[in-house]
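Reviewing the structure listed below.
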Amino acid sequence: MDDNAEFYKDLPKVELHAHLNGSVSVQTMEKLIRRKPHLNIEHSMTAIGKGQRRTLDECFEVFKVIHKLVDTEEDILMVATDVIKEFAADNVKYLELRSTPREENHTGLTKKSYIETVIEAIQQCKNEGVDIDVRFLVAIDRRNGAEVAMETVKLAEEFMLSSGGLVVGIDLSGDPTVGDGRCLLPALQRARNSGLKLSLHMSEVPSQLEESELLLNLPPDRIGHGTFLHPEMGGSQSLVDRAVKGRIPLEICLTSNVKGQTVPSYSQHHLRYWYQLGHPCVICTDDKGVFCTDLSQEYQLAASTFGLRPDAVWTLSERAVDCIFAGDEVKQQLRQKWTELKPGLLQGAELQA
Ligand SMILES: CC(C)=CCNc1ncnc2c1ncn2[C@@H]1O[C@H](COP(=O)(O)O)[C@@H](O)[C@H]1O
Ligand SMILES: [Zn+2]
């Protein structure tokens, strides 16, 4: 419909679904590869380029390669500050980064120092005056089971209290074809009771009806993907009804789903279904480095695929503010920002559309 790339770039945006190690840019990746030449890693092993598709298994192999490159506090600090600055340069005004704390015996990295380092990166960017509000979701990798999940929640609780509001929630992610969400329920329930918000990857692959039902019962504060929740995709009306009743926002990652082949094409993406219902949907990147995209491109893709005019695109980005995990004061500040920017941006874009 329109190829006004500048409008999407200038559009103030909110990013709510970004995995730290999946968001590493080409430039940062090159710095990491230069730091560790002995690993013999080439950039083609860490990203999926234009027009390329991979199976889900192949995509998860990519993360293993990236984790080899990012295994010290120094690496994490660099990766996190670079990623935050890149989102800011793309006019993302509020970012929730998520990452799985890892232990690396050979470098002395601990789960605690992992989280501390991400927080340090957020604080450094703030001190440098980078124009973006960043929060952190501590991620549970479903492959690691119930015990690790509980340990992660306890760590997140500690940091929620000590990080001055930077740690706001928990993410549940990892290879959806591995592990059983059921055994993670006690950890997720505990997180919820202690005031941590929950963003859960759900129905990212088919045949997870039962697990999705249990997770929806918690309930989560946001749903990651939700690709196979609705009946046309093998889900069920009762799952949809529950999400709709709770107005639980969906985090939508178009390029990730198409390149990871859980969705056959952009036009068949489940955004169509949920958007038509008037359900809260937030456009996100998932892994901007691995999938070679950015949030502006994702908004542009949503608009061109579903025929959204600039005012509808504006509304999508503005409504995303309602779905953030930070408190009402932050929401008010962001809404103010959107209101100030609207006249200049939208009038020009409408004229061109
Ligand atoms: C394979 C594919 C299509 C990826 C997109 N869908 C995803 N689904 C579930 N977990 C994910 C996805 N992308 C990233 N992650 C999680 O994020 C991790 C990388 O970021 P981090 O190390 O937590 O900082 C991965 O190891 C994985 O646990
Ligand atoms: Zn994800």
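Letters A, B, ... mark the chains of the structure tokens in the order given; residue numbers begin at 1 per chain; ligand numbers begin at 1, in order shown.
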Could you report the residues within 9 Å of ligand 2, using only C-alpha atoms and all ligand atoms, as a PDB file with C-alpha atoms, in the first residue's frame?
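Contents of selection.pdb, as written:
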```
ATOM      1  CA  HIS A  17       9.007  -9.003  22.786  1.00  0.00           C
ATOM      2  CA  ALA A  18      12.771  -8.950  22.200  1.00  0.00           C
ATOM      3  CA  HIS A  19      15.134 -11.752  23.251  1.00  0.00           C
ATOM      4  CA  GLY A  22      18.367 -12.981  19.312  1.00  0.00           C
ATOM      5  CA  ARG A  98      14.038 -10.456  27.915  1.00  0.00           C
ATOM      6  CA  ASP A 171       9.169 -14.600  30.198  1.00  0.00           C
ATOM      7  CA  LEU A 172       8.530 -18.243  29.377  1.00  0.00           C
ATOM      8  CA  SER A 173      10.296 -19.243  26.170  1.00  0.00           C
ATOM      9  CA  GLY A 174      12.636 -21.841  24.669  1.00  0.00           C
ATOM     10  CA  LEU A 200       4.332 -16.494  28.118  1.00  0.00           C
ATOM     11  CA  HIS A 201       5.145 -18.029  24.734  1.00  0.00           C
ATOM     12  CA  GLY A 224       3.833 -14.494  23.046  1.00  0.00           C
ATOM     13  CA  HIS A 225       2.775 -15.513  19.504  1.00  0.00           C
ATOM     14  CA  GLU A 251       2.741 -10.132  21.016  1.00  0.00           C
ATOM     15  CA  CYS A 253       6.187 -11.281  15.503  1.00  0.00           C
ATOM     16  CA  SER A 256       9.938 -14.527  13.047  1.00  0.00           C
ATOM     17  CA  THR A 285      10.490  -8.245  16.531  1.00  0.00           C
ATOM     18  CA  ASP A 286      11.219 -11.384  18.649  1.00  0.00           C
ATOM     19  CA  ASP A 287      14.837 -11.699  17.441  1.00  0.00           C
TER      20      ASP A 287
END
```
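The environment of Met45 (chain A) within 8 Å, counting only C-alpha atoms and disregarding residues fewer than 2 places along the same chain, consists of A:Ile41, A:Glu42, A:His43, A:Ala47, A:Val62, A:Val65.
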*Residues at most 9 Å from ligand 1, using only C-alpha atoms and all ligand atoms? Could they come as a ChimeraX atom specification?*
/A:18-23,54-64,66-67,70,97-102,138-143,172-176,201,204,224-225,253,256-262,286-287,290-291
May I have all residues of region 91-261 of chain A that DSSP, computed from the backbone, assigns to helix (DSSP H, G or I), given as a CSV table (one decimal) with N, CA, C and O atoms, in the first residue's frame?
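What ended up in states.csv:
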```csv
chain,number,residue,atom,x,y,z
A,111,LYS,N,24.3,-16.9,37.0
A,111,LYS,CA,23.0,-16.4,36.7
A,111,LYS,C,22.8,-15.0,37.3
A,111,LYS,O,22.2,-14.1,36.7
A,112,LYS,N,23.3,-14.9,38.5
A,112,LYS,CA,23.1,-13.6,39.2
A,112,LYS,C,23.9,-12.5,38.5
A,112,LYS,O,23.4,-11.4,38.2
A,113,SER,N,25.2,-12.8,38.1
A,113,SER,CA,26.0,-11.8,37.5
A,113,SER,C,25.5,-11.5,36.1
A,113,SER,O,25.6,-10.4,35.5
A,114,TYR,N,24.8,-12.5,35.5
A,114,TYR,CA,24.2,-12.3,34.1
A,114,TYR,C,23.1,-11.2,34.3
A,114,TYR,O,23.1,-10.2,33.5
A,115,ILE,N,22.3,-11.3,35.2
A,115,ILE,CA,21.2,-10.4,35.4
A,115,ILE,C,21.8,-9.0,35.8
A,115,ILE,O,21.3,-8.0,35.2
A,116,GLU,N,22.7,-9.0,36.7
A,116,GLU,CA,23.4,-7.7,37.1
A,116,GLU,C,23.9,-7.0,35.9
A,116,GLU,O,23.9,-5.8,35.8
A,117,THR,N,24.5,-7.8,35.0
A,117,THR,CA,25.2,-7.1,33.8
A,117,THR,C,24.2,-6.5,32.9
A,117,THR,O,24.4,-5.4,32.4
A,118,VAL,N,23.0,-7.2,32.7
A,118,VAL,CA,22.0,-6.6,31.8
A,118,VAL,C,21.5,-5.3,32.5
A,118,VAL,O,21.3,-4.3,31.8
A,119,ILE,N,21.3,-5.3,33.8
A,119,ILE,CA,20.8,-4.2,34.5
A,119,ILE,C,21.9,-3.0,34.4
A,119,ILE,O,21.5,-1.9,34.2
A,120,GLU,N,23.1,-3.4,34.5
A,120,GLU,CA,24.2,-2.4,34.3
A,120,GLU,C,24.1,-1.7,33.0
A,120,GLU,O,24.3,-0.5,32.8
A,121,ALA,N,23.9,-2.5,31.9
A,121,ALA,CA,23.8,-2.0,30.6
A,121,ALA,C,22.6,-1.0,30.5
A,121,ALA,O,22.7,0.1,29.9
A,122,ILE,N,21.5,-1.4,31.1
A,122,ILE,CA,20.3,-0.5,31.0
A,122,ILE,C,20.7,0.8,31.7
A,122,ILE,O,20.4,1.9,31.2
A,123,GLN,N,21.3,0.7,32.9
A,123,GLN,CA,21.7,1.9,33.6
A,123,GLN,C,22.7,2.8,32.9
A,123,GLN,O,22.6,4.0,32.9
A,124,GLN,N,23.7,2.2,32.3
A,124,GLN,CA,24.7,2.9,31.5
A,124,GLN,C,24.0,3.7,30.4
A,124,GLN,O,24.3,4.9,30.2
A,125,CYS,N,23.1,3.1,29.7
A,125,CYS,CA,22.4,3.8,28.6
A,125,CYS,C,21.6,5.0,29.1
A,125,CYS,O,21.5,6.0,28.5
A,126,LYS,N,20.9,4.7,30.3
A,126,LYS,CA,20.2,5.8,30.9
A,126,LYS,C,21.1,7.0,31.3
A,126,LYS,O,20.8,8.1,30.9
A,127,ASN,N,22.3,6.7,31.9
A,127,ASN,CA,23.2,7.7,32.2
A,127,ASN,C,23.8,8.5,31.0
A,127,ASN,O,24.1,9.6,31.1
A,142,ARG,N,12.0,-23.2,28.9
A,142,ARG,CA,11.1,-24.4,29.2
A,142,ARG,C,11.9,-25.7,29.2
A,142,ARG,O,11.5,-26.7,29.9
A,143,ARG,N,13.0,-25.8,28.4
A,143,ARG,CA,13.7,-27.0,28.3
A,143,ARG,C,14.4,-27.4,29.6
A,143,ARG,O,14.7,-28.5,29.9
A,144,ASN,N,14.6,-26.4,30.5
A,144,ASN,CA,15.4,-26.7,31.7
A,144,ASN,C,14.6,-27.2,32.9
A,144,ASN,O,15.2,-27.4,34.0
A,145,GLY,N,13.3,-27.3,32.8
A,145,GLY,CA,12.5,-27.9,33.8
A,145,GLY,C,12.1,-27.1,35.0
A,145,GLY,O,12.4,-25.9,35.1
A,146,ALA,N,11.4,-27.8,35.9
A,146,ALA,CA,10.7,-27.1,37.0
A,146,ALA,C,11.7,-26.4,38.0
A,146,ALA,O,11.5,-25.3,38.5
A,147,GLU,N,12.8,-27.1,38.3
A,147,GLU,CA,13.7,-26.7,39.4
A,147,GLU,C,14.4,-25.4,39.0
A,147,GLU,O,14.4,-24.4,39.7
A,148,VAL,N,14.9,-25.4,37.7
A,148,VAL,CA,15.5,-24.1,37.2
A,148,VAL,C,14.5,-23.0,37.1
A,148,VAL,O,14.8,-21.8,37.4
A,149,ALA,N,13.3,-23.4,36.7
A,149,ALA,CA,12.3,-22.3,36.6
A,149,ALA,C,12.0,-21.7,38.0
A,149,ALA,O,12.0,-20.4,38.1
A,150,MET,N,12.0,-22.4,39.0
A,150,MET,CA,11.7,-21.9,40.3
A,150,MET,C,12.9,-21.0,40.8
A,150,MET,O,12.7,-20.0,41.4
A,151,GLU,N,14.1,-21.5,40.5
A,151,GLU,CA,15.3,-20.8,40.9
A,151,GLU,C,15.3,-19.4,40.1
A,151,GLU,O,15.7,-18.4,40.7
A,152,THR,N,14.9,-19.4,38.9
A,152,THR,CA,14.9,-18.2,38.1
A,152,THR,C,13.9,-17.2,38.7
A,152,THR,O,14.1,-16.0,38.8
A,153,VAL,N,12.7,-17.7,39.1
A,153,VAL,CA,11.7,-16.9,39.6
A,153,VAL,C,12.2,-16.2,40.9
A,153,VAL,O,12.0,-15.0,41.2
A,154,LYS,N,12.9,-17.0,41.8
A,154,LYS,CA,13.4,-16.5,43.0
A,154,LYS,C,14.4,-15.3,42.8
A,154,LYS,O,14.4,-14.3,43.4
A,155,LEU,N,15.3,-15.6,41.7
A,155,LEU,CA,16.2,-14.5,41.4
A,155,LEU,C,15.5,-13.3,40.9
A,155,LEU,O,15.9,-12.1,41.3
A,156,ALA,N,14.5,-13.5,40.1
A,156,ALA,CA,13.8,-12.3,39.5
A,156,ALA,C,13.1,-11.6,40.6
A,156,ALA,O,13.0,-10.3,40.6
A,157,GLU,N,12.6,-12.3,41.6
A,157,GLU,CA,11.9,-11.6,42.8
A,157,GLU,C,12.9,-10.7,43.5
A,157,GLU,O,12.7,-9.6,43.8
A,158,GLU,N,14.2,-11.2,43.7
A,158,GLU,CA,15.2,-10.4,44.4
A,158,GLU,C,15.5,-9.2,43.6
A,158,GLU,O,15.5,-8.1,44.1
A,159,PHE,N,15.6,-9.3,42.3
A,159,PHE,CA,16.0,-8.2,41.4
A,159,PHE,C,14.8,-7.2,41.2
A,159,PHE,O,15.0,-6.0,41.0
A,160,MET,N,13.6,-7.7,41.3
A,160,MET,CA,12.4,-6.9,41.2
A,160,MET,C,12.5,-5.8,42.4
A,160,MET,O,12.2,-4.7,42.2
A,161,LEU,N,13.0,-6.3,43.5
A,161,LEU,CA,13.0,-5.5,44.7
A,161,LEU,C,14.2,-4.6,44.7
A,161,LEU,O,14.2,-3.5,45.3
A,162,SER,N,15.4,-5.0,44.1
A,162,SER,CA,16.6,-4.3,44.3
A,162,SER,C,17.0,-3.5,43.0
A,162,SER,O,18.0,-2.7,43.0
A,181,GLY,N,4.9,-27.6,29.7
A,181,GLY,CA,4.6,-26.3,30.5
A,181,GLY,C,3.9,-26.6,31.8
A,181,GLY,O,4.0,-25.8,32.8
A,182,ARG,N,3.3,-27.8,31.9
A,182,ARG,CA,2.6,-28.2,33.1
A,182,ARG,C,3.5,-28.1,34.4
A,182,ARG,O,3.1,-27.6,35.4
A,183,CYS,N,4.7,-28.6,34.3
A,183,CYS,CA,5.5,-28.7,35.4
A,183,CYS,C,6.1,-27.3,35.8
A,183,CYS,O,6.7,-27.2,36.9
A,184,LEU,N,5.9,-26.4,35.0
A,184,LEU,CA,6.4,-25.0,35.3
A,184,LEU,C,5.3,-24.2,36.0
A,184,LEU,O,5.6,-23.0,36.4
A,185,LEU,N,4.1,-24.7,36.1
A,185,LEU,CA,3.0,-23.9,36.7
A,185,LEU,C,3.3,-23.4,38.1
A,185,LEU,O,3.1,-22.2,38.4
A,186,PRO,N,3.9,-24.2,39.0
A,186,PRO,CA,4.1,-23.7,40.3
A,186,PRO,C,5.1,-22.5,40.3
A,186,PRO,O,4.8,-21.5,41.0
A,187,ALA,N,6.1,-22.5,39.5
A,187,ALA,CA,7.1,-21.4,39.4
A,187,ALA,C,6.3,-20.1,38.9
A,187,ALA,O,6.5,-19.0,39.4
A,188,LEU,N,5.5,-20.3,37.9
A,188,LEU,CA,4.9,-19.2,37.2
A,188,LEU,C,3.8,-18.6,38.2
A,188,LEU,O,3.7,-17.4,38.3
A,189,GLN,N,3.1,-19.5,38.9
A,189,GLN,CA,2.2,-19.1,39.9
A,189,GLN,C,2.8,-18.2,41.0
A,189,GLN,O,2.3,-17.2,41.4
A,190,ARG,N,4.0,-18.7,41.4
A,190,ARG,CA,4.7,-18.0,42.5
A,190,ARG,C,5.1,-16.6,42.0
A,190,ARG,O,5.0,-15.6,42.7
A,191,ALA,N,5.6,-16.6,40.7
A,191,ALA,CA,6.0,-15.3,40.2
A,191,ALA,C,4.8,-14.3,40.2
A,191,ALA,O,5.0,-13.1,40.6
A,192,ARG,N,3.7,-14.8,39.8
A,192,ARG,CA,2.5,-14.0,39.7
A,192,ARG,C,2.1,-13.4,41.1
A,192,ARG,O,1.8,-12.3,41.3
A,193,ASN,N,2.2,-14.3,42.1
A,193,ASN,CA,1.8,-14.0,43.4
A,193,ASN,C,2.7,-12.9,44.0
A,193,ASN,O,2.4,-12.1,44.9
A,209,LEU,N,-2.9,-27.5,22.9
A,209,LEU,CA,-4.2,-27.0,23.5
A,209,LEU,C,-4.2,-27.1,25.0
A,209,LEU,O,-4.6,-26.2,25.7
A,210,GLU,N,-3.8,-28.3,25.5
A,210,GLU,CA,-4.0,-28.6,26.9
A,210,GLU,C,-3.0,-27.6,27.7
A,210,GLU,O,-3.4,-27.0,28.7
A,211,GLU,N,-1.8,-27.6,27.2
A,211,GLU,CA,-0.8,-26.7,27.9
A,211,GLU,C,-1.3,-25.2,27.9
A,211,GLU,O,-1.2,-24.5,28.9
A,212,SER,N,-1.8,-24.8,26.7
A,212,SER,CA,-2.2,-23.4,26.6
A,212,SER,C,-3.4,-23.1,27.5
A,212,SER,O,-3.5,-22.0,28.1
A,213,GLU,N,-4.3,-24.1,27.7
A,213,GLU,CA,-5.4,-23.9,28.6
A,213,GLU,C,-4.9,-23.7,30.0
A,213,GLU,O,-5.3,-22.8,30.7
A,214,LEU,N,-3.9,-24.6,30.5
A,214,LEU,CA,-3.4,-24.4,31.8
A,214,LEU,C,-2.7,-23.1,32.0
A,214,LEU,O,-2.8,-22.4,33.0
A,215,LEU,N,-1.9,-22.7,31.0
A,215,LEU,CA,-1.2,-21.4,31.1
A,215,LEU,C,-2.2,-20.3,31.1
A,215,LEU,O,-2.0,-19.3,31.9
A,216,LEU,N,-3.2,-20.4,30.3
A,216,LEU,CA,-4.2,-19.3,30.3
A,216,LEU,C,-5.0,-19.1,31.6
A,216,LEU,O,-5.5,-18.1,31.9
A,231,PRO,N,-9.5,-21.4,16.5
A,231,PRO,CA,-10.0,-22.7,15.9
A,231,PRO,C,-9.5,-23.0,14.4
A,231,PRO,O,-9.2,-24.1,14.1
A,232,GLU,N,-9.3,-21.9,13.6
A,232,GLU,CA,-8.9,-22.1,12.2
A,232,GLU,C,-7.5,-22.7,12.2
A,232,GLU,O,-7.1,-23.2,11.2
A,233,MET,N,-6.7,-22.6,13.3
A,233,MET,CA,-5.4,-23.1,13.3
A,233,MET,C,-5.3,-24.4,14.2
A,233,MET,O,-4.2,-24.7,14.6
A,237,GLN,N,-12.3,-22.5,20.3
A,237,GLN,CA,-13.0,-21.3,20.6
A,237,GLN,C,-12.9,-20.9,22.1
A,237,GLN,O,-12.8,-19.7,22.5
A,238,SER,N,-12.8,-21.9,23.0
A,238,SER,CA,-12.7,-21.6,24.4
A,238,SER,C,-11.4,-20.9,24.7
A,238,SER,O,-11.3,-20.1,25.6
A,239,LEU,N,-10.3,-21.3,24.1
A,239,LEU,CA,-9.0,-20.6,24.3
A,239,LEU,C,-9.2,-19.2,23.9
A,239,LEU,O,-8.7,-18.2,24.6
A,240,VAL,N,-9.8,-19.0,22.7
A,240,VAL,CA,-9.9,-17.6,22.2
A,240,VAL,C,-10.8,-16.8,23.2
A,240,VAL,O,-10.4,-15.7,23.5
A,241,ASP,N,-11.9,-17.4,23.6
A,241,ASP,CA,-12.8,-16.7,24.5
A,241,ASP,C,-12.1,-16.3,25.8
A,241,ASP,O,-12.3,-15.2,26.3
A,242,ARG,N,-11.2,-17.1,26.3
A,242,ARG,CA,-10.5,-16.8,27.5
A,242,ARG,C,-9.6,-15.6,27.3
A,242,ARG,O,-9.5,-14.7,28.1
A,243,ALA,N,-8.9,-15.7,26.2
A,243,ALA,CA,-7.9,-14.5,25.9
A,243,ALA,C,-8.7,-13.2,25.7
A,243,ALA,O,-8.3,-12.2,26.2
A,244,VAL,N,-9.8,-13.4,25.0
A,244,VAL,CA,-10.6,-12.2,24.7
A,244,VAL,C,-11.3,-11.6,26.0
A,244,VAL,O,-11.2,-10.4,26.2
A,245,LYS,N,-11.8,-12.5,26.8
A,245,LYS,CA,-12.4,-12.1,28.1
A,245,LYS,C,-11.5,-11.4,29.0
A,245,LYS,O,-11.8,-10.3,29.6
A,254,LEU,N,5.8,-11.0,13.1
A,254,LEU,CA,5.5,-11.5,11.8
A,254,LEU,C,6.7,-12.2,11.1
A,254,LEU,O,6.6,-13.4,10.7
A,255,THR,N,7.8,-11.5,11.0
A,255,THR,CA,9.0,-12.1,10.3
A,255,THR,C,9.5,-13.4,11.0
A,255,THR,O,9.8,-14.4,10.3
A,256,SER,N,9.5,-13.4,12.3
A,256,SER,CA,9.9,-14.5,13.0
A,256,SER,C,9.1,-15.7,12.7
A,256,SER,O,9.6,-16.8,12.4
A,257,ASN,N,7.8,-15.6,12.7
A,257,ASN,CA,6.9,-16.7,12.4
A,257,ASN,C,7.0,-17.2,11.0
A,257,ASN,O,6.9,-18.4,10.7
A,258,VAL,N,7.2,-16.3,10.0
A,258,VAL,CA,7.3,-16.7,8.6
A,258,VAL,C,8.7,-17.3,8.4
A,258,VAL,O,8.7,-18.4,7.8
A,259,LYS,N,9.7,-16.7,8.9
A,259,LYS,CA,11.1,-17.3,8.7
A,259,LYS,C,11.2,-18.7,9.5
A,259,LYS,O,11.9,-19.6,9.0
```
_Env of Glu350 (chain A): 8 Å cut, atoms = only C-alpha atoms, seq-sep filter 5 positions within chain, self excluded. Answer as a ChimeraX atom specification._
/A:309-311
*If we count only C-alpha atoms, what is near Val83 (chain A) at a cut-off of 9 Å, once residues fewer than 3 positions away on the same chain are taken out, given as a PyMOL selection string?*
chain A and resi 20+23-25+28+78-80+86-88
*Residue nearest Phe136 (chain A) among A:Ile283, A:Val92, A:Ala5, A:Leu16 (counting only C-alpha atoms)*: A:Leu16
Need to verify the contact set: Gly234 (chain A), 12 Å, only C-alpha atoms, exclusion of same-chain residues closer than 6 positions in sequence. Can you return it as a CSV table (one decimal) with C-alpha atoms, in the first residue's frame?
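New file selection.csv:
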```
chain,number,residue,atom,x,y,z
A,203,SER,CA,0.7,-22.2,21.2
A,204,GLU,CA,3.8,-21.2,19.1
A,205,VAL,CA,3.5,-24.7,17.5
A,206,PRO,CA,0.3,-26.9,16.9
A,207,SER,CA,-1.2,-29.4,19.4
A,208,GLN,CA,-0.5,-27.5,22.6
A,209,LEU,CA,-4.2,-27.0,23.5
A,226,GLY,CA,-0.4,-17.5,20.2
A,227,THR,CA,-0.2,-18.7,16.6
A,228,PHE,CA,-2.3,-21.9,17.1
A,240,VAL,CA,-9.9,-17.6,22.2
```
Considering only C-alpha atoms, return as a CSV table (one decimal) with N, CA, C and O atoms, in the first residue's frame whatever protein or nucleic-acid residues lie within 9 Å of Pro12 (chain A), sequence-local ones (same chain, fewer than 4 positions apart) excluded.
```
chain,number,residue,atom,x,y,z
A,8,TYR,N,7.4,4.9,9.1
A,8,TYR,CA,7.5,3.8,10.1
A,8,TYR,C,8.7,4.0,11.0
A,8,TYR,O,8.7,3.6,12.2
A,90,ASP,N,16.0,3.3,16.3
A,90,ASP,CA,14.8,3.0,15.5
A,90,ASP,C,13.5,3.6,16.1
A,90,ASP,O,12.4,3.3,15.7
A,91,ASN,N,13.7,4.6,17.0
A,91,ASN,CA,12.6,5.3,17.6
A,91,ASN,C,11.7,4.5,18.5
A,91,ASN,O,10.5,4.7,18.6
A,92,VAL,N,12.3,3.5,19.1
A,92,VAL,CA,11.6,2.7,20.1
A,92,VAL,C,11.8,3.5,21.4
A,92,VAL,O,12.9,3.8,21.8
A,93,LYS,N,10.6,3.9,22.0
A,93,LYS,CA,10.7,4.8,23.2
A,93,LYS,C,10.6,4.0,24.5
A,93,LYS,O,11.0,4.5,25.5
A,314,TRP,N,-0.7,4.2,13.4
A,314,TRP,CA,-0.5,5.1,14.6
A,314,TRP,C,-1.2,4.5,15.8
A,314,TRP,O,-0.6,4.3,16.9
A,317,SER,N,0.5,1.5,17.4
A,317,SER,CA,1.7,1.8,18.2
A,317,SER,C,1.3,2.5,19.5
A,317,SER,O,1.9,2.3,20.6
A,318,GLU,N,0.3,3.3,19.4
A,318,GLU,CA,-0.2,4.0,20.6
A,318,GLU,C,-0.8,3.1,21.6
A,318,GLU,O,-0.6,3.1,22.8
A,337,LYS,N,4.1,11.7,25.2
A,337,LYS,CA,5.1,11.7,24.1
A,337,LYS,C,4.4,11.5,22.8
A,337,LYS,O,4.6,12.2,21.8
A,338,TRP,N,3.5,10.5,22.7
A,338,TRP,CA,2.8,10.1,21.5
A,338,TRP,C,1.9,11.3,21.1
A,338,TRP,O,1.8,11.7,19.9
A,341,LEU,N,3.9,14.1,19.5
A,341,LEU,CA,4.5,13.7,18.2
A,341,LEU,C,3.5,13.6,17.1
A,341,LEU,O,3.8,13.7,15.9
```
*Tell me, in Å to one decimal, how far CA of Val168 (chain A) is from CA of Val282 (chain A).*
17.9 Å
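Counting from CA of His269 (chain A), the distance to CA of Lys331 (chain A) is 28.8 Å.
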*Enumerate the residues of region 77-204 of chain A with a DSSP assignment of strand (DSSP E), computed from the backbone, and present them as JSON, numbers by chain.*
{"A": [92, 93, 94, 95, 96, 97, 98, 99, 133, 134, 135, 136, 137, 138, 139, 140, 141, 167, 168, 169, 170, 171, 172, 173, 197, 198, 199, 200, 201, 202]}
